[in-house]
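Shown below: entry-v2.txt, with compact mmCIF, C-alpha atoms.
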```txt
# COMPACT_ATOMS: atom_id res chain seq x y z
CA MET A 27 3.03 -37.79 -11.57
CA LYS A 28 6.25 -39.57 -10.62
CA THR A 29 9.58 -37.81 -11.04
CA ASP A 30 11.93 -39.59 -13.39
CA PRO A 31 15.53 -38.73 -12.43
CA THR A 32 16.73 -39.49 -15.96
CA ALA A 33 14.20 -37.15 -17.56
CA ALA A 34 15.27 -33.86 -19.09
CA PRO A 35 15.21 -30.94 -16.69
CA PRO A 36 12.11 -28.74 -16.85
CA PRO A 37 12.32 -25.81 -19.26
CA CYS A 38 14.35 -23.03 -17.73
CA THR A 39 12.44 -19.82 -17.21
CA GLY A 40 15.14 -17.79 -15.47
CA PRO A 41 18.59 -16.86 -16.74
CA ARG A 42 20.15 -19.84 -18.52
CA ARG A 43 22.67 -21.86 -16.53
CA GLY A 44 25.76 -23.59 -17.90
CA ARG A 45 26.52 -20.73 -20.24
CA PRO A 46 28.96 -18.01 -19.27
CA ARG A 47 26.79 -15.06 -18.31
CA SER A 48 27.81 -11.73 -19.62
CA GLU A 49 27.45 -9.24 -16.77
CA ALA A 50 28.08 -6.46 -19.27
CA ALA A 51 25.18 -7.48 -21.50
CA GLU A 52 22.83 -7.70 -18.51
CA GLN A 53 23.89 -4.30 -17.26
CA ALA A 54 23.35 -2.86 -20.74
CA ILE A 55 19.88 -4.40 -20.89
CA PHE A 56 18.93 -3.07 -17.46
CA ALA A 57 20.31 0.34 -18.45
CA GLY A 58 18.23 0.17 -21.62
CA VAL A 59 15.06 -0.39 -19.60
CA GLU A 60 15.96 2.49 -17.28
CA GLU A 61 16.59 4.74 -20.26
CA LEU A 62 13.26 3.87 -21.87
CA MET A 63 11.37 4.40 -18.62
CA ALA A 64 13.18 7.67 -18.02
CA ALA A 65 11.93 8.75 -21.45
CA GLY A 66 8.36 8.06 -20.29
CA THR A 67 7.78 4.58 -21.71
CA SER A 68 5.25 2.77 -19.52
CA LEU A 69 5.75 -0.84 -18.49
CA ALA A 70 2.91 -1.81 -20.83
CA GLU A 71 4.60 -0.09 -23.76
CA LEU A 72 8.01 -1.71 -23.22
CA THR A 73 8.89 -4.33 -25.83
CA ILE A 74 11.83 -6.70 -26.11
CA GLU A 75 12.62 -5.07 -29.44
CA GLY A 76 12.65 -1.58 -27.92
CA ILE A 77 14.79 -2.73 -25.01
CA ALA A 78 17.26 -4.44 -27.37
CA THR A 79 17.61 -1.27 -29.43
CA ALA A 80 18.08 0.91 -26.34
CA ALA A 81 20.62 -1.54 -24.91
CA GLY A 82 22.51 -1.96 -28.17
CA VAL A 83 22.13 -5.76 -28.13
CA GLY A 84 20.28 -8.23 -30.30
CA LYS A 85 16.86 -9.53 -29.25
CA ALA A 86 18.37 -13.00 -28.94
CA THR A 87 20.75 -11.71 -26.26
CA ILE A 88 17.69 -10.80 -24.20
CA TYR A 89 15.73 -13.98 -24.95
CA ARG A 90 18.77 -16.06 -23.99
CA ARG A 91 18.35 -14.69 -20.46
CA TRP A 92 14.62 -14.12 -20.03
CA PRO A 93 11.63 -15.75 -21.76
CA ASN A 94 9.66 -12.49 -21.88
CA LYS A 95 9.70 -8.90 -20.67
CA GLU A 96 7.78 -9.76 -17.49
CA ALA A 97 10.58 -12.09 -16.37
CA LEU A 98 13.16 -9.44 -17.27
CA LEU A 99 11.34 -6.74 -15.31
CA ILE A 100 10.82 -8.92 -12.25
CA ASP A 101 14.49 -9.87 -12.30
CA MET A 102 15.51 -6.26 -12.63
CA VAL A 103 13.26 -5.03 -9.82
CA SER A 104 14.23 -7.86 -7.49
CA ARG A 105 17.95 -7.21 -8.05
CA LEU A 106 17.41 -3.63 -6.97
CA GLU A 107 16.39 -5.03 -3.60
CA GLU A 108 19.02 -5.70 -0.99
CA PRO A 109 19.34 -9.28 0.32
CA LEU A 110 17.22 -9.94 3.40
CA PRO A 111 19.04 -9.26 6.69
CA GLU A 112 20.97 -12.03 8.47
CA SER A 113 20.01 -13.06 11.97
CA THR A 114 21.51 -10.79 14.65
CA GLY A 115 21.35 -13.37 17.44
CA SER A 116 18.46 -11.77 19.31
CA ILE A 117 14.77 -11.58 18.49
CA ARG A 118 14.57 -7.83 19.18
CA GLY A 119 17.64 -7.35 16.97
CA ASP A 120 16.10 -9.42 14.18
CA LEU A 121 12.82 -7.50 14.38
CA VAL A 122 14.70 -4.18 14.22
CA ALA A 123 16.78 -5.47 11.28
CA MET A 124 13.61 -6.44 9.42
CA VAL A 125 11.98 -3.04 9.93
CA GLU A 126 15.26 -1.27 9.12
CA TYR A 127 15.47 -3.27 5.89
CA MET A 128 12.02 -1.98 4.93
CA ARG A 129 12.99 1.58 5.88
CA LEU A 130 16.08 1.51 3.66
CA ARG A 131 14.05 -0.03 0.87
CA GLY A 132 11.51 2.79 1.19
CA LEU A 133 14.32 5.34 0.89
CA ALA A 134 15.73 3.49 -2.13
CA LYS A 135 12.32 3.46 -3.77
CA ARG A 136 12.13 7.22 -3.46
CA SER A 137 15.58 7.75 -4.95
CA ARG A 138 15.42 5.01 -7.60
CA TRP A 139 12.63 6.24 -9.80
CA VAL A 140 12.74 3.06 -11.88
CA LEU A 141 11.75 1.08 -8.79
CA LYS A 142 9.05 3.61 -7.99
CA ALA A 143 7.67 3.64 -11.53
CA ALA A 144 7.74 -0.13 -11.80
CA LEU A 145 6.04 -0.65 -8.44
CA GLY A 146 3.47 2.06 -9.16
CA GLN A 147 2.50 0.65 -12.55
CA MET A 148 2.52 -2.93 -11.37
CA HIS A 149 -0.88 -2.47 -9.76
CA SER A 150 -2.48 -2.17 -13.16
CA TRP A 151 -0.60 -5.18 -14.50
CA PRO A 152 -1.83 -8.26 -12.64
CA GLU A 153 0.63 -10.81 -14.12
CA LEU A 154 3.66 -8.75 -13.20
CA HIS A 155 2.20 -7.93 -9.81
CA ALA A 156 1.61 -11.61 -9.12
CA ALA A 157 5.18 -12.49 -10.11
CA TYR A 158 6.51 -9.69 -7.94
CA ARG A 159 4.49 -10.92 -4.99
CA GLU A 160 5.87 -14.40 -5.43
CA ARG A 161 9.50 -13.45 -6.05
CA VAL A 162 9.93 -10.48 -3.73
CA ILE A 163 7.09 -10.04 -1.25
CA ALA A 164 6.47 -13.67 -0.29
CA PRO A 165 10.11 -14.41 0.74
CA ARG A 166 10.13 -11.23 2.81
CA ARG A 167 6.90 -12.11 4.60
CA GLU A 168 8.21 -15.63 5.18
CA ALA A 169 11.43 -14.26 6.70
CA ALA A 170 9.39 -12.08 9.07
CA ARG A 171 7.22 -15.07 9.96
CA GLN A 172 10.28 -17.13 10.87
CA VAL A 173 11.65 -14.49 13.23
CA ILE A 174 8.20 -14.24 14.84
CA ARG A 175 7.93 -18.01 15.17
CA ARG A 176 11.33 -18.17 16.89
CA GLY A 177 10.33 -15.28 19.15
CA VAL A 178 7.10 -16.97 20.20
CA ALA A 179 8.92 -20.28 20.77
CA GLY A 180 11.63 -18.59 22.87
CA GLY A 181 9.24 -16.48 24.96
CA GLU A 182 10.42 -13.13 23.54
CA LEU A 183 7.00 -12.61 21.96
CA ARG A 184 3.57 -13.29 23.42
CA ALA A 185 2.29 -16.75 22.61
CA ASP A 186 -1.40 -15.73 22.85
CA LEU A 187 -1.32 -13.70 19.61
CA ASP A 188 -1.40 -15.39 16.23
CA GLU A 189 1.56 -15.14 13.85
CA GLU A 190 -0.31 -13.25 11.17
CA LEU A 191 -1.38 -10.58 13.66
CA LEU A 192 2.18 -10.26 14.99
CA GLY A 193 3.49 -9.99 11.43
CA ASP A 194 1.06 -7.20 10.52
CA LEU A 195 1.80 -5.34 13.76
CA LEU A 196 5.53 -5.57 13.05
CA ILE A 197 5.63 -4.78 9.33
CA GLY A 198 2.43 -2.74 8.83
CA PRO A 199 3.71 0.53 10.35
CA ILE A 200 6.91 0.70 8.29
CA LEU A 201 5.01 -0.34 5.16
CA ALA A 202 2.45 2.41 5.75
CA ARG A 203 5.26 4.91 6.08
CA SER A 204 7.38 3.70 3.18
CA VAL A 205 4.79 2.47 0.68
CA LEU A 206 1.53 4.27 1.37
CA TRP A 207 2.58 7.75 2.48
CA ASP A 208 4.95 9.36 -0.01
CA ASP A 209 5.47 12.39 2.19
CA SER A 210 6.35 10.79 5.52
CA ASP A 211 9.66 10.79 7.33
CA LEU A 212 11.95 7.84 6.67
CA ASP A 213 15.24 9.59 7.42
CA ASP A 214 15.39 8.91 11.17
CA PRO A 215 18.03 6.16 11.59
CA GLN A 216 16.39 5.26 14.93
CA LEU A 217 12.97 4.72 13.37
CA ALA A 218 13.16 0.91 13.24
CA GLU A 219 14.21 0.68 16.89
CA ARG A 220 11.53 3.12 17.96
CA MET A 221 8.84 1.18 16.10
CA VAL A 222 9.89 -2.22 17.41
CA ASP A 223 10.35 -1.06 21.00
CA ALA A 224 6.98 0.73 21.03
CA LEU A 225 5.40 -2.46 19.74
CA LEU A 226 7.18 -4.68 22.27
CA ASP A 227 6.45 -2.41 25.23
CA GLY A 228 2.98 -1.23 24.18
CA VAL A 229 1.74 2.30 23.72
CA ALA A 230 -0.75 2.50 26.60
CA GLY A 231 -0.14 5.53 28.81
CA PRO A 232 -0.45 5.73 32.60
CA ALA A 233 -4.24 6.15 32.50
CA LEU A 234 -4.66 2.75 30.84
CA ARG A 235 -1.49 1.05 32.03
CA PRO A 236 -2.46 0.03 35.63
CA ALA A 237 -5.78 -1.44 34.54
CA ARG A 238 -4.13 -3.42 31.73
CA ALA A 239 -0.97 -4.65 33.45
CA MET B 13 -3.30 38.99 -1.61
CA LYS B 14 -6.05 40.50 0.54
CA THR B 15 -9.48 38.90 0.62
CA ASP B 16 -12.23 41.22 -0.56
CA PRO B 17 -15.51 40.19 1.09
CA THR B 18 -17.51 41.81 -1.72
CA ALA B 19 -15.68 39.88 -4.44
CA ALA B 20 -17.37 37.08 -6.35
CA PRO B 21 -16.92 33.61 -4.81
CA PRO B 22 -14.16 31.49 -6.28
CA PRO B 23 -15.18 29.27 -9.22
CA CYS B 24 -16.95 26.20 -7.97
CA THR B 25 -15.16 22.96 -8.77
CA GLY B 26 -17.51 20.53 -6.97
CA PRO B 27 -21.19 19.86 -7.60
CA ARG B 28 -23.02 23.13 -8.27
CA ARG B 29 -24.91 24.59 -5.33
CA GLY B 30 -28.16 26.57 -5.48
CA ARG B 31 -29.66 24.31 -8.13
CA PRO B 32 -31.93 21.43 -7.24
CA ARG B 33 -29.77 18.32 -7.53
CA SER B 34 -31.25 15.37 -9.27
CA GLU B 35 -30.37 12.28 -7.26
CA ALA B 36 -31.69 10.14 -10.11
CA ALA B 37 -29.34 11.70 -12.67
CA GLU B 38 -26.35 11.27 -10.36
CA GLN B 39 -27.20 7.65 -9.71
CA ALA B 40 -27.57 7.07 -13.46
CA ILE B 41 -24.17 8.69 -14.06
CA PHE B 42 -22.48 6.60 -11.36
CA ALA B 43 -24.18 3.48 -12.75
CA GLY B 44 -22.88 4.43 -16.19
CA VAL B 45 -19.31 4.57 -14.90
CA GLU B 46 -19.75 1.21 -13.14
CA GLU B 47 -21.14 -0.29 -16.35
CA LEU B 48 -18.24 1.00 -18.44
CA MET B 49 -15.66 -0.24 -15.94
CA ALA B 50 -17.41 -3.61 -15.70
CA ALA B 51 -17.01 -3.82 -19.49
CA GLY B 52 -13.25 -3.35 -19.06
CA THR B 53 -12.89 0.38 -19.74
CA SER B 54 -9.87 1.68 -17.84
CA LEU B 55 -9.99 4.96 -15.92
CA ALA B 56 -7.76 6.51 -18.56
CA GLU B 57 -10.13 5.47 -21.34
CA LEU B 58 -13.26 6.85 -19.68
CA THR B 59 -14.65 9.99 -21.33
CA ILE B 60 -17.49 12.31 -20.35
CA GLU B 61 -19.09 11.48 -23.68
CA GLY B 62 -18.89 7.74 -23.06
CA ILE B 63 -20.25 8.13 -19.53
CA ALA B 64 -23.12 10.30 -20.79
CA THR B 65 -24.06 7.68 -23.37
CA ALA B 66 -23.89 4.82 -20.87
CA ALA B 67 -25.93 6.82 -18.33
CA GLY B 68 -28.50 7.95 -20.89
CA VAL B 69 -28.01 11.63 -20.06
CA GLY B 70 -26.61 14.58 -21.98
CA LYS B 71 -23.00 15.67 -21.49
CA ALA B 72 -24.30 18.97 -20.05
CA THR B 73 -26.02 17.04 -17.24
CA ILE B 74 -22.61 15.75 -16.22
CA TYR B 75 -20.74 19.03 -16.67
CA ARG B 76 -23.41 20.79 -14.57
CA ARG B 77 -22.23 18.63 -11.66
CA TRP B 78 -18.53 18.07 -12.24
CA PRO B 79 -15.98 20.10 -14.19
CA ASN B 80 -14.20 17.00 -15.52
CA LYS B 81 -14.07 13.23 -15.21
CA GLU B 82 -11.45 13.37 -12.47
CA ALA B 83 -13.82 15.31 -10.20
CA LEU B 84 -16.63 12.88 -11.05
CA LEU B 85 -14.50 9.83 -10.25
CA ILE B 86 -13.20 11.26 -6.97
CA ASP B 87 -16.75 12.12 -5.95
CA MET B 88 -17.93 8.65 -6.86
CA VAL B 89 -15.13 6.86 -5.01
CA SER B 90 -15.41 9.04 -1.92
CA ARG B 91 -19.18 8.44 -1.71
CA LEU B 92 -18.53 4.72 -1.68
CA GLU B 93 -16.70 5.31 1.60
CA GLU B 94 -18.63 5.28 4.85
CA PRO B 95 -18.53 8.43 6.99
CA LEU B 96 -15.74 8.39 9.56
CA PRO B 97 -16.75 6.89 12.93
CA GLU B 98 -18.14 9.10 15.72
CA SER B 99 -16.35 9.28 19.05
CA THR B 100 -17.25 6.43 21.40
CA GLY B 101 -16.37 8.28 24.59
CA SER B 102 -13.15 6.34 25.31
CA ILE B 103 -9.77 6.45 23.62
CA ARG B 104 -9.54 2.68 23.34
CA GLY B 105 -13.04 2.64 21.86
CA ASP B 106 -12.14 5.35 19.36
CA LEU B 107 -8.96 3.51 18.33
CA VAL B 108 -10.92 0.29 17.85
CA ALA B 109 -13.59 2.17 15.85
CA MET B 110 -10.91 3.65 13.59
CA VAL B 111 -9.32 0.26 12.89
CA GLU B 112 -12.75 -1.35 12.47
CA TYR B 113 -13.64 1.34 9.95
CA MET B 114 -10.54 0.41 7.93
CA ARG B 115 -11.37 -3.29 8.20
CA LEU B 116 -14.90 -2.78 6.85
CA ARG B 117 -13.54 -0.57 4.11
CA GLY B 118 -11.07 -3.32 3.16
CA LEU B 119 -13.94 -5.81 2.93
CA ALA B 120 -15.98 -3.32 0.86
CA LYS B 121 -13.06 -2.82 -1.49
CA ARG B 122 -12.91 -6.54 -2.12
CA SER B 123 -16.63 -6.79 -2.85
CA ARG B 124 -17.02 -3.49 -4.73
CA TRP B 125 -14.87 -4.13 -7.76
CA VAL B 126 -15.37 -0.54 -8.97
CA LEU B 127 -13.61 0.69 -5.84
CA LYS B 128 -10.89 -1.88 -6.29
CA ALA B 129 -10.38 -1.07 -9.96
CA ALA B 130 -10.39 2.67 -9.33
CA LEU B 131 -7.93 2.43 -6.43
CA GLY B 132 -5.70 0.04 -8.34
CA GLN B 133 -5.49 2.22 -11.44
CA MET B 134 -5.13 5.44 -9.49
CA HIS B 135 -1.46 4.69 -8.87
CA SER B 136 -0.70 5.23 -12.53
CA TRP B 137 -2.75 8.42 -12.63
CA PRO B 138 -1.03 11.01 -10.43
CA GLU B 139 -3.69 13.79 -10.67
CA LEU B 140 -6.47 11.48 -9.57
CA HIS B 141 -4.29 9.93 -6.90
CA ALA B 142 -3.45 13.37 -5.52
CA ALA B 143 -7.12 14.37 -5.42
CA TYR B 144 -7.98 11.09 -3.71
CA ARG B 145 -5.30 11.65 -1.10
CA GLU B 146 -6.63 15.10 -0.39
CA ARG B 147 -10.33 14.23 -0.36
CA VAL B 148 -10.30 10.79 1.25
CA ILE B 149 -6.97 9.85 2.84
CA ALA B 150 -6.05 13.18 4.45
CA PRO B 151 -9.32 13.54 6.46
CA ARG B 152 -8.95 9.97 7.66
CA ARG B 153 -5.36 10.49 8.81
CA GLU B 154 -6.40 13.73 10.48
CA ALA B 155 -9.23 11.96 12.36
CA ALA B 156 -6.75 9.33 13.61
CA ARG B 157 -4.34 12.08 14.64
CA GLN B 158 -7.03 13.78 16.70
CA VAL B 159 -7.88 10.62 18.63
CA ILE B 160 -4.17 10.10 19.28
CA ARG B 161 -3.72 13.69 20.42
CA ARG B 162 -6.60 13.34 22.86
CA GLY B 163 -5.19 10.02 24.08
CA VAL B 164 -1.76 11.51 24.71
CA ALA B 165 -3.30 14.54 26.47
CA GLY B 166 -5.49 12.33 28.67
CA GLY B 167 -2.74 9.85 29.58
CA GLU B 168 -4.31 6.90 27.75
CA LEU B 169 -1.38 6.87 25.32
CA ARG B 170 2.32 7.27 26.06
CA ALA B 171 3.47 10.86 25.81
CA ASP B 172 7.07 9.93 24.93
CA LEU B 173 6.19 8.72 21.41
CA ASP B 174 5.51 11.16 18.61
CA GLU B 175 2.06 11.38 17.01
CA GLU B 176 3.21 10.23 13.60
CA LEU B 177 4.75 7.07 15.07
CA LEU B 178 1.60 6.35 17.08
CA GLY B 179 -0.52 6.88 13.96
CA ASP B 180 1.54 4.47 11.88
CA LEU B 181 1.54 1.86 14.67
CA LEU B 182 -2.24 2.15 14.93
CA ILE B 183 -3.23 2.26 11.26
CA GLY B 184 -0.31 0.49 9.55
CA PRO B 185 -1.29 -3.07 10.50
CA ILE B 186 -4.89 -2.84 9.27
CA LEU B 187 -3.73 -1.05 6.12
CA ALA B 188 -1.19 -3.79 5.44
CA ARG B 189 -3.91 -6.39 5.81
CA SER B 190 -6.62 -4.58 3.85
CA VAL B 191 -4.65 -2.71 1.18
CA LEU B 192 -1.36 -4.53 0.65
CA TRP B 193 -2.22 -8.20 1.12
CA ASP B 194 -5.14 -9.24 -1.06
CA ASP B 195 -5.22 -12.70 0.44
CA SER B 196 -5.27 -11.97 4.16
CA ASP B 197 -8.07 -12.49 6.64
CA LEU B 198 -10.37 -9.52 7.24
CA ASP B 199 -13.44 -11.49 8.30
CA ASP B 200 -12.69 -11.72 12.03
CA PRO B 201 -15.07 -9.23 13.70
CA GLN B 202 -12.67 -9.11 16.70
CA LEU B 203 -9.69 -8.12 14.54
CA ALA B 204 -9.81 -4.39 15.35
CA GLU B 205 -9.98 -5.04 19.10
CA ARG B 206 -7.19 -7.61 18.91
CA MET B 207 -4.95 -5.22 16.98
CA VAL B 208 -5.56 -2.25 19.27
CA ASP B 209 -5.21 -4.23 22.49
CA ALA B 210 -1.98 -5.88 21.31
CA LEU B 211 -0.64 -2.44 20.47
CA LEU B 212 -1.71 -0.92 23.80
CA ASP B 213 -0.37 -3.82 25.89
CA GLY B 214 2.72 -4.61 23.81
CA VAL B 215 3.71 -7.91 22.25
CA ALA B 216 6.81 -8.70 24.33
CA GLY B 217 6.65 -12.19 25.86
CA PRO B 218 7.83 -13.25 29.31
CA ALA B 219 11.48 -13.53 28.22
CA LEU B 220 11.58 -9.82 27.35
CA ARG B 221 8.85 -8.53 29.60
CA PRO B 222 10.66 -8.38 33.01
CA ALA B 223 13.66 -6.58 31.55
CA ARG B 224 11.47 -4.07 29.75
CA ALA B 225 8.82 -3.35 32.40
```
Structure rendered as structure tokens:
Amino acid sequence: MKTDPTAAPPPCTGPRRGRPRSEAAEQAIFAGVEELMAAGTSLAELTIEGIATAAGVGKATIYRRWPNKEALLIDMVSRLEEPLPESTGSIRGDLVAMVEYMRLRGLAKRSRWVLKAALGQMHSWPELHAAYRERVIAPRREAARQVIRRGVAGGELRADLDEELLGDLLIGPILARSVLWDDSDLDDPQLAERMVDALLDGVAGPALRPARA
Amino acid sequence: MKTDPTAAPPPCTGPRRGRPRSEAAEQAIFAGVEELMAAGTSLAELTIEGIATAAGVGKATIYRRWPNKEALLIDMVSRLEEPLPESTGSIRGDLVAMVEYMRLRGLAKRSRWVLKAALGQMHSWPELHAAYRERVIAPRREAARQVIRRGVAGGELRADLDEELLGDLLIGPILARSVLWDDSDLDDPQLAERMVDALLDGVAGPALRPARA
């Protein structure tokens, strides 16, 4: 299909542009969702009507911004996330920044119960999970991949390992600690550096080191 | 509280001992659960009565084995897991066996939809999730910890890194690939060796290697 530059723009599925956005209304809507979830409402039970009532706005105020509750929830969860870290100028620094970002996010998830509840329930809600993967997880994995690609190109990372393996080695440990184990230690501010340096240097001890060097 | 050796044993919460177990009845019960879940019944909707009907057994046949559906489901899911790997005689071999175990389990989870459905829904069911952690995840983490402890003691692993960090570095990458990314490659039979060797040797390239050696 050819693109016709004079055609109407595709239907907007995110917040509407070209209309002054009311920060206050959005904050009220997000607060309404938090209030409902704090009262024990599951994601599946949330309705636009219930959110509107809790937020003290009309349903139209919500529909003007989001086409459905899935879009609203994804937007809300992804705004709770910090922006991805900027480049630090060194590959080691960028790897540490990426792991540190995941550590802080893990801490935030523990303190922000709405994030925890939403992420926990998402597993049983495939549409929302898919949207979350696309909006939040995919950009994060892509950012990690770009640092790795630059590292391989610049000789900071081994060129004989594939990108996907390097990505899992880099991000897997902090994900295990922040997502899979609820009880593990995320407080150590040196954790990201310790993880990245152990990965760069290797964990073989003296008994294996001479044979492997 | 002192333990009185003449006291009655604590109430049994697993399958009853001292009574001939009927393998056939258990298989019928497990098949009943699979059938119900295949028909779209969620974990929360499952009842002992429904399982008994699907399995063609009486409710008492189920209650003779498990005190409630949570115990039945945990038992069912944990029997779908392979026994943990035996020691191979070398630390590298044991680390590879541990990661390979997780890889095969990830593949099994993809093919056994009952495992996938149960694990997916468990997140929204804290009691079941807690029992699963205790029965399945904790022994696996403990097994990994023991290999790591032996490796540190024998000089195969660096002694300047703590056990928890080593455990996350070892298990995190395969967990990320098998649990968190549904779309990633688990088919490579060399994956476990590649992951463990990259971790042992380190992933720093020539540009970082001289400065870090």
Produce a table with one row for each residue of chain A that has an atom at most 7 Å from any atom of chain B, each row naming the nearest atom pair and its distance in Å at one decimal; use only C-alpha atoms; arrange rows by chain and rising residue number; format as a Markdown table.
```
| residue | atom | partner | partner_atom | distance |
| --- | --- | --- | --- | --- |
| A:Gly146 | CA | B:His135 | CA | 5.6 |
| A:Gln147 | CA | B:Ser136 | CA | 5.6 |
| A:His149 | CA | B:Gly132 | CA | 5.6 |
| A:Ser150 | CA | B:Gln133 | CA | 5.6 |
| A:Gly181 | CA | B:Ala219 | CA | 4.9 |
| A:Glu182 | CA | B:Gly217 | CA | 4.5 |
| A:Leu183 | CA | B:Gly217 | CA | 3.9 |
| A:Arg184 | CA | B:Gly217 | CA | 4.1 |
| A:Asp194 | CA | B:Pro185 | CA | 4.8 |
| A:Leu195 | CA | B:Pro185 | CA | 5.0 |
| A:Gly198 | CA | B:Pro185 | CA | 4.1 |
| A:Pro199 | CA | B:Gly184 | CA | 4.1 |
| A:Leu201 | CA | B:Gly184 | CA | 6.9 |
| A:Ala202 | CA | B:Gly184 | CA | 5.1 |
| A:Arg203 | CA | B:Asp180 | CA | 6.9 |
| A:Leu225 | CA | B:Gly214 | CA | 5.3 |
| A:Leu226 | CA | B:Ala216 | CA | 4.5 |
| A:Asp227 | CA | B:Gly214 | CA | 4.6 |
| A:Gly228 | CA | B:Gly214 | CA | 3.4 |
| A:Val229 | CA | B:Leu212 | CA | 4.7 |
| A:Ala230 | CA | B:Leu212 | CA | 4.5 |
| A:Gly231 | CA | B:Leu169 | CA | 3.9 |
| A:Pro232 | CA | B:Gly167 | CA | 5.6 |
| A:Ala233 | CA | B:Glu168 | CA | 4.8 |
| A:Leu234 | CA | B:Glu168 | CA | 5.2 |
| A:Arg238 | CA | B:Asp213 | CA | 7.0 |
```
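Coordinates place CA of Gly76 in chain A at a distance of 25.1 Å from CA of Arg161 in chain A.
Compared by their closest atoms to Ala142 in chain B, and using only C-alpha atoms, the residues B:Asp200, B:Glu82, B:Glu94, B:Glu46 rank with B:Glu82 nearest.
Counting only C-alpha atoms and comparing B:Leu140, B:Tyr113, B:Arg76, B:Glu35, the residue that lies closest to Val89 in chain B is B:Leu140.
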Polymer residues at most 12 Å from Glu61 in chain B, all atoms listed in the file, same-chain spacing of 2 or more positions, as a list in words
Ile41, Gly44, Val45, Leu48, Glu57, Leu58, Thr59, Ile63, Ala64, Thr65, Ala66, Ala67, Gly68, Val69, Gly70, Lys71, Ala72, Thr73, Ile74, Tyr75, Asn80 and Lys81 of chain B
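Of the listed residues (A:Ala134, A:Ala169, A:Leu98, A:Leu121), A:Leu98 comes nearest to Ala157 in chain A; the distances count all atoms listed in the file.
What separates CA of Arg152 in chain B from CA of Met110 in chain B is a distance of 8.9 Å.
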Residue with smallest distance to Pro111 in chain A - pool A:Glu52, A:Glu126, A:Glu160, A:Glu153, counting only C-alpha atoms:
A:Glu126
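Interatomic distance, CA of His141 in chain B to CA of Arg77 in chain B: 20.5 Å.
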